[in-house]
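Okay, data_21.txt is below, compact mmCIF, C-alpha atoms:
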```txt
# COMPACT_ATOMS: atom_id res chain seq x y z
CA MET J 225 -11.54 13.28 -11.14
CA ALA J 226 -8.82 10.65 -11.41
CA ARG J 227 -8.76 8.45 -14.51
CA PRO J 228 -10.87 5.28 -14.05
CA LEU J 229 -8.76 2.13 -13.85
CA TRP J 230 -11.63 -0.34 -14.17
CA ARG J 231 -15.31 -0.23 -15.09
CA GLY J 232 -17.96 -2.79 -14.22
CA SER J 233 -20.64 -3.37 -11.62
CA LEU J 234 -20.83 -4.06 -7.91
CA SER J 235 -23.05 -7.07 -7.27
CA PHE J 236 -25.01 -7.08 -4.01
CA GLY J 237 -27.39 -10.04 -4.16
CA LEU J 238 -29.62 -9.33 -7.15
CA VAL J 239 -28.69 -5.64 -7.11
CA ASN J 240 -26.04 -4.61 -9.66
CA VAL J 241 -24.64 -1.10 -9.41
CA PRO J 242 -22.55 0.23 -12.35
CA VAL J 243 -19.28 1.53 -10.87
CA GLN J 244 -15.80 2.55 -11.86
CA LEU J 245 -12.59 2.25 -9.89
CA VAL J 246 -10.24 5.18 -9.24
CA SER J 247 -7.14 5.21 -7.08
CA ALA J 248 -7.58 6.76 -3.63
CA ALA J 249 -3.85 7.50 -3.39
CA ARG J 250 -2.04 10.35 -5.11
CA ASP J 251 1.55 9.99 -6.24
CA LEU J 252 3.21 13.15 -4.90
CA ASP J 253 6.76 11.83 -5.10
CA TYR J 254 9.39 13.52 -7.25
CA HIS J 255 10.38 11.29 -10.17
CA PHE J 256 13.79 11.65 -11.77
CA HIS J 257 15.08 10.68 -15.21
CA GLN J 258 18.28 8.68 -15.41
CA LEU J 259 20.99 10.49 -17.39
CA HIS J 260 24.44 9.61 -18.64
CA ASP J 261 26.55 11.70 -16.28
CA LYS J 262 29.09 12.51 -19.00
CA ASP J 263 26.78 14.17 -21.57
CA LYS J 264 23.47 14.44 -19.63
CA VAL J 265 21.52 12.35 -22.19
CA ARG J 266 18.60 10.16 -21.11
CA ILE J 267 19.42 6.49 -20.39
CA GLU J 268 17.39 3.92 -22.31
CA GLN J 269 16.57 0.44 -21.07
CA ARG J 270 16.47 -2.28 -23.70
CA ARG J 271 15.98 -6.06 -23.78
CA PHE J 272 19.25 -7.54 -24.86
CA CYS J 273 20.39 -11.12 -25.55
CA SER J 274 23.91 -11.61 -24.26
CA LYS J 275 24.43 -14.73 -26.40
CA ASP J 276 23.32 -13.29 -29.75
CA ASP J 277 24.66 -9.84 -28.88
CA ARG J 278 21.55 -8.07 -30.15
CA GLN J 279 18.38 -6.35 -28.97
CA VAL J 280 15.31 -8.59 -28.55
CA ALA J 281 11.76 -7.62 -29.52
CA TRP J 282 8.82 -8.28 -27.17
CA GLU J 283 7.54 -11.07 -29.46
CA GLU J 284 10.78 -12.98 -28.85
CA VAL J 285 10.64 -12.82 -25.07
CA ALA J 286 9.84 -16.14 -23.34
CA HIS J 287 9.09 -16.88 -19.69
CA ALA J 288 10.99 -19.30 -17.49
CA TYR J 289 10.64 -20.54 -13.91
CA ASP J 290 13.42 -22.15 -11.89
CA LEU J 291 12.22 -25.40 -10.34
CA ASP J 292 14.63 -27.55 -8.31
CA GLY J 293 17.57 -26.29 -10.31
CA LYS J 294 15.86 -26.89 -13.65
CA ARG J 295 14.45 -24.18 -15.88
CA VAL J 296 10.86 -24.62 -17.02
CA VAL J 297 9.90 -22.51 -20.05
CA VAL J 298 6.24 -21.46 -20.21
CA THR J 299 4.66 -20.01 -23.36
CA ASP J 300 2.23 -17.09 -23.52
CA GLU J 301 -0.53 -19.51 -24.50
CA GLU J 302 0.16 -21.69 -21.47
CA LEU J 303 0.16 -18.66 -19.20
CA SER J 304 -3.17 -17.51 -20.62
CA SER J 305 -4.71 -20.89 -19.74
CA VAL J 306 -4.47 -20.10 -16.00
CA GLN J 307 -5.42 -16.45 -16.09
CA PRO J 308 -8.67 -15.68 -14.23
CA ARG J 309 -11.81 -15.34 -16.29
CA LYS J 310 -12.22 -11.67 -17.09
CA THR J 311 -15.48 -10.41 -15.64
CA ARG J 312 -16.89 -6.96 -15.11
CA THR J 313 -18.37 -7.67 -11.70
CA ILE J 314 -17.26 -7.25 -8.11
CA ASP J 315 -19.16 -10.00 -6.33
CA ILE J 316 -19.79 -9.39 -2.64
CA GLU J 317 -19.37 -12.74 -0.89
CA ALA J 318 -19.67 -11.84 2.80
CA PHE J 319 -19.65 -9.07 5.39
CA VAL J 320 -17.23 -8.92 8.33
CA ASP J 321 -16.76 -6.59 11.30
CA MET J 322 -14.00 -4.09 10.54
CA ASP J 323 -12.26 -4.72 13.86
CA GLN J 324 -11.84 -8.38 12.89
CA VAL J 325 -9.70 -7.53 9.84
CA ASP J 326 -5.99 -7.29 10.61
CA PRO J 327 -4.60 -4.17 8.83
CA ILE J 328 -1.60 -6.21 7.66
CA TYR J 329 -3.86 -7.68 4.95
CA PHE J 330 -4.67 -4.28 3.41
CA ASP J 331 -2.82 -3.42 0.21
CA HIS J 332 -3.88 -0.51 -2.05
CA PRO J 333 -6.83 1.88 -1.54
CA TYR J 334 -9.32 2.85 -4.25
CA PHE J 335 -12.69 4.56 -4.53
CA LEU J 336 -15.71 3.03 -6.21
CA VAL J 337 -17.79 5.75 -7.84
CA PRO J 338 -21.00 5.55 -9.90
CA ALA J 339 -20.47 4.80 -13.58
CA GLY J 340 -22.99 7.12 -15.18
CA ASP J 341 -25.49 9.60 -13.87
CA SER J 342 -28.77 7.79 -14.48
CA GLU J 343 -31.30 7.99 -11.66
CA GLY J 344 -31.30 4.21 -11.17
CA THR J 345 -27.50 4.00 -10.88
CA LEU J 346 -27.24 6.89 -8.44
CA ARG J 347 -30.13 5.59 -6.31
CA ALA J 348 -28.61 2.09 -6.05
CA TYR J 349 -25.17 3.50 -5.25
CA ARG J 350 -26.58 5.78 -2.57
CA LEU J 351 -28.45 2.84 -1.06
CA LEU J 352 -25.20 0.88 -0.65
CA VAL J 353 -23.42 3.92 0.79
CA GLU J 354 -26.16 4.53 3.35
CA VAL J 355 -26.60 0.92 4.44
CA MET J 356 -22.86 0.29 4.74
CA GLY J 357 -22.37 3.56 6.56
CA SER J 358 -24.88 2.43 9.17
CA GLN J 359 -22.99 -0.83 9.72
CA ASP J 360 -19.47 -1.08 11.08
CA ARG J 361 -18.76 -3.80 8.57
CA ALA J 362 -16.76 -4.33 5.42
CA ALA J 363 -17.98 -6.23 2.39
CA LEU J 364 -15.58 -8.88 1.13
CA GLY J 365 -15.52 -9.74 -2.55
CA ARG J 366 -13.37 -10.55 -5.57
CA PHE J 367 -12.82 -9.02 -8.96
CA VAL J 368 -10.40 -9.24 -11.86
CA MET J 369 -8.36 -6.23 -12.99
CA ARG J 370 -6.04 -6.69 -15.94
CA THR J 371 -4.80 -10.27 -15.49
CA LYS J 372 -5.01 -10.67 -11.71
CA GLU J 373 -7.81 -11.65 -9.37
CA TYR J 374 -8.03 -9.58 -6.21
CA LEU J 375 -9.62 -10.11 -2.82
CA VAL J 376 -11.11 -6.79 -1.73
CA ALA J 377 -12.74 -5.11 1.25
CA ILE J 378 -15.38 -2.45 0.57
CA ARG J 379 -16.62 0.05 3.14
CA GLU J 380 -18.25 3.45 3.36
CA ARG J 381 -15.98 6.48 3.68
CA GLU J 382 -17.24 10.06 3.78
CA GLY J 383 -20.26 9.42 1.59
CA ALA J 384 -18.49 7.17 -0.93
CA LEU J 385 -17.50 3.52 -1.24
CA ALA J 386 -13.84 2.79 -0.57
CA LEU J 387 -12.31 -0.42 -1.92
CA THR J 388 -9.03 -1.84 -0.64
CA THR J 389 -7.24 -4.73 -2.30
CA MET J 390 -6.08 -7.33 0.20
CA LEU J 391 -3.35 -9.90 0.53
CA PHE J 392 -4.35 -13.54 0.61
CA HIS J 393 -3.59 -15.32 3.87
CA ASP J 394 -0.57 -17.22 2.53
CA GLU J 395 1.01 -14.00 1.24
CA VAL J 396 1.49 -12.76 4.81
CA ARG J 397 4.67 -14.11 6.36
CA PRO J 398 3.97 -15.92 9.66
CA THR J 399 5.70 -14.49 12.73
CA LYS J 400 7.08 -17.91 13.64
CA ASP J 401 9.52 -17.45 10.73
CA ILE J 402 10.99 -14.40 12.47
CA ALA J 403 13.64 -15.01 15.12
CA ILE J 404 12.65 -13.17 18.31
CA ALA J 405 14.82 -13.59 21.39
CA GLY J 406 15.24 -11.91 24.76
CA LYS J 407 14.16 -12.36 28.36
CA LYS J 408 10.61 -11.76 29.49
CA PRO J 409 10.29 -8.17 30.79
CA SER J 410 9.72 -7.52 34.48
CA LYS J 411 6.45 -6.22 35.88
CA ARG J 412 8.00 -2.80 36.55
CA GLN J 413 9.31 -2.56 32.99
CA LEU J 414 5.85 -3.42 31.62
CA GLU J 415 4.23 -0.79 33.84
CA ASP J 416 6.67 1.94 32.77
CA ALA J 417 6.35 1.01 29.08
CA ALA J 418 2.54 1.11 29.38
CA ALA J 419 2.78 4.53 31.06
CA ILE J 420 4.94 5.83 28.18
CA ILE J 421 2.37 4.60 25.66
CA GLU J 422 -0.35 6.37 27.65
CA GLU J 423 1.61 9.64 27.68
CA LEU J 424 2.13 9.45 23.90
CA SER J 425 -1.46 8.44 23.11
CA THR J 426 -3.57 10.85 21.07
CA ASN J 427 -6.46 10.91 18.61
CA TRP J 428 -5.62 9.98 15.02
CA ASP J 429 -5.24 13.09 12.87
CA PRO J 430 -3.65 12.36 9.47
CA GLU J 431 -2.93 16.06 8.86
CA ARG J 432 -0.40 16.02 11.71
CA TYR J 433 1.93 13.81 9.70
CA GLU J 434 3.76 15.06 6.62
CA ASP J 435 6.31 13.52 4.29
CA CYS J 436 9.48 15.19 5.62
CA TYR J 437 11.67 13.58 2.96
CA ARG J 438 9.55 15.01 0.14
CA GLU J 439 9.71 18.47 1.70
CA ARG J 440 13.50 18.28 1.99
CA LEU J 441 13.76 17.07 -1.60
CA LYS J 442 11.59 19.99 -2.75
CA ARG J 443 13.97 22.41 -1.06
CA VAL J 444 16.92 20.79 -2.80
CA ILE J 445 15.23 21.06 -6.21
CA ASP J 446 14.29 24.69 -5.57
CA ALA J 447 17.85 25.46 -4.50
CA LYS J 448 19.30 23.77 -7.59
CA ARG J 449 16.99 25.79 -9.80
CA LYS J 450 18.47 28.92 -8.22
CA ARG J 451 21.98 27.50 -8.84
CA LYS J 452 22.75 27.23 -5.16
CA THR J 453 25.29 24.77 -3.79
CA ILE J 454 23.89 21.80 -1.91
CA HIS J 455 25.81 20.47 1.08
CA ALA J 456 25.08 16.98 2.35
CA PRO J 457 24.42 16.85 6.10
CA THR J 458 26.78 15.03 8.43
CA PRO J 459 25.57 11.44 8.85
CA GLU J 460 24.05 10.78 12.24
CA LYS J 461 25.64 8.15 14.45
CA GLN J 462 23.78 4.92 15.05
CA PRO J 463 22.28 5.02 18.58
CA GLU J 464 23.97 2.70 21.02
CA PRO J 465 21.97 -0.28 22.29
CA VAL J 466 20.28 0.32 25.63
CA SER J 467 22.45 -1.03 28.44
CA ASP J 468 20.06 -0.25 31.30
CA LEU J 469 16.49 -0.73 30.08
CA MET J 470 14.88 0.23 33.38
CA ALA J 471 16.79 3.50 33.61
CA ALA J 472 15.93 4.37 29.97
CA LEU J 473 12.23 3.73 30.61
CA GLU J 474 12.17 5.85 33.75
CA GLU J 475 14.05 8.75 32.12
CA THR J 476 11.74 8.66 29.08
CA LEU J 477 8.66 8.72 31.31
CA GLU J 478 10.07 11.59 33.39
CA ARG J 479 10.81 13.70 30.30
CA LEU J 480 7.34 13.11 28.85
CA ARG J 481 5.66 14.13 32.11
CA ASP J 482 7.82 17.29 32.16
CA GLY J 483 6.57 18.14 28.65
CA GLU J 484 9.88 17.47 26.93
CA THR J 485 10.27 15.91 23.51
CA VAL J 486 11.99 12.54 23.42
```

Can you give me the file's structure in the form of structure tokens?
Amino acid sequence: MARPLWRGSLSFGLVNVPVQLVSAARDLDYHFHQLHDKDKVRIEQRRFCSKDDRQVAWEEVAHAYDLDGKRVVVTDEELSSVQPRKTRTIDIEAFVDMDQVDPIYFDHPYFLVPAGDSEGTLRAYRLLVEVMGSQDRAALGRFVMRTKEYLVAIREREGALALTTMLFHDEVRPTKDIAIAGKKPSKRQLEDAAAIIEELSTNWDPERYEDCYRERLKRVIDAKRKRKTIHAPTPEKQPEPVSDLMAALEETLERLRDGETV
């Protein structure tokens, strides 16, 4: 099992269930070391003071914030005064219907698993799994991990409790800040666009979608290991903007109905 990132308890009224947090996402990306191209030696990153022309130790690093053109220096002690109180509890505050939660607020997925194998812990955990699995609702709560307080949504997933950290409402950029122009589409355009969506609609199957970039990168690494020459593909041209929207919609719909890929 993945290494636990946090240990504590899930508080549900007067019921406290010992749990531990593990990431629900696996890092399958390829990670590269930075090398000096001339001699192929690893590059080191160091904290360096340009004024004193010397390397700086962690104990000498201060924190500053730019405020109206002025720099405000904040000490470690002052920063610690506003850090959230470290607790070992995820307090459930409310339950909401899952369809009421906009996915834009979801951040990182985790699993909550029992911390220990005592009969009481496993029974309480199973109770929460069963009751939340019977309800199409998510539990909202807060907890502190490291030095940050998180808003979280907890729900049942395949016999376990899944926890997702969430953005706070003011962290989501409002759409009014985004410039959106253009004329209102015609009724015919709306009908054709809706028909295209219907033709492309299917049931969600995550196994249908793979990381194509990672697969291409794997082939490059395998080829380099075999000392093969890698040739970069010819860059694709940027598609031209649609000049006749109605014609593009009708041609797309015709190809889809003929079973062609668009």

Hey, can you pull every residue with an atom no more than 12 Å from (-25.8, 3.6, 6.8), using only C-alpha atoms, and send it as a count of residues only? 19

Query - Coordinates-based distance that separates CA of Met369 (chain J) from CA of Ala339 (chain J) (Å, one decimal) - result: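 These atoms are spaced 16.4 Å apart.
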
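Near Val239 (chain J), within 10 Å and counting only C-alpha atoms, sit Ser233, Leu234, Ser235, Ala348, Tyr349 and Leu352 of chain J, not including residues fewer than 4 positions from it in the same chain.
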
One decimal place gives the CA of Leu336 (chain J)-CA of Leu229 (chain J) separation as 10.4 Å

Report as an MDAnalysis selection string all protein, DNA and RNA residues lying within 9 Å of Arg366 (chain J), evaluated on all atoms listed in the file, omitting residues in the same chain fewer than 2 positions from it. chainID J and resid 313:317 364 368 373:377

Min atom-atom distance to Asn240 (chain J) from the set J:Leu477, J:Gly406, J:Thr345, J:Leu252, counting only C-alpha atoms, belongs to J:Thr345

In terms of all atoms listed in the file, the residue from J:Lys372, J:Cys273, J:Asp429, J:Leu391 at minimal distance from Pro308 (chain J) is J:Lys372

Mind checking which residues fall within 12 Å of Arg443 (chain J), counting all atoms listed in the file, ignoring those fewer than 5 positions away in the same chain, and posting them as a ChimeraX atom specification? /J:254,436-438,448-450,452-454

- Message: Need the shell around Ile328 (chain J): protein/DNA/RNA residues with any atom at most 12 Å away, counting all atoms listed in the file. Skip same-chain ones fewer than 5 positions apart. Format as JSON, numbers by chain?
- Response: {"J": [388, 389, 390, 391, 392, 393, 395, 396, 397, 398]}

- Message: Could you tell me how far CA of Asp468 (chain J) sits from CA of Ala419 (chain J), in Å to one decimal place?
- Response: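 Separation of CA of Ala419 (chain J) and CA of Asp468 (chain J): 17.9 Å.
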
Just want the 9 Å neighbourhood of Met470 (chain J), counted on only C-alpha atoms, with same-chain residues fewer than 6 positions away dropped. Output as a ChimeraX atom specification. /J:412-413,416

Can those selected residues be exported to a file as a compact mmCIF listing (two decimals), keeping the file's coordinate frame so that it contains C-alpha atoms?
```txt
# COMPACT_ATOMS: atom_id res chain seq x y z
CA ARG J 412 8.00 -2.80 36.55
CA GLN J 413 9.31 -2.56 32.99
CA ASP J 416 6.67 1.94 32.77
```
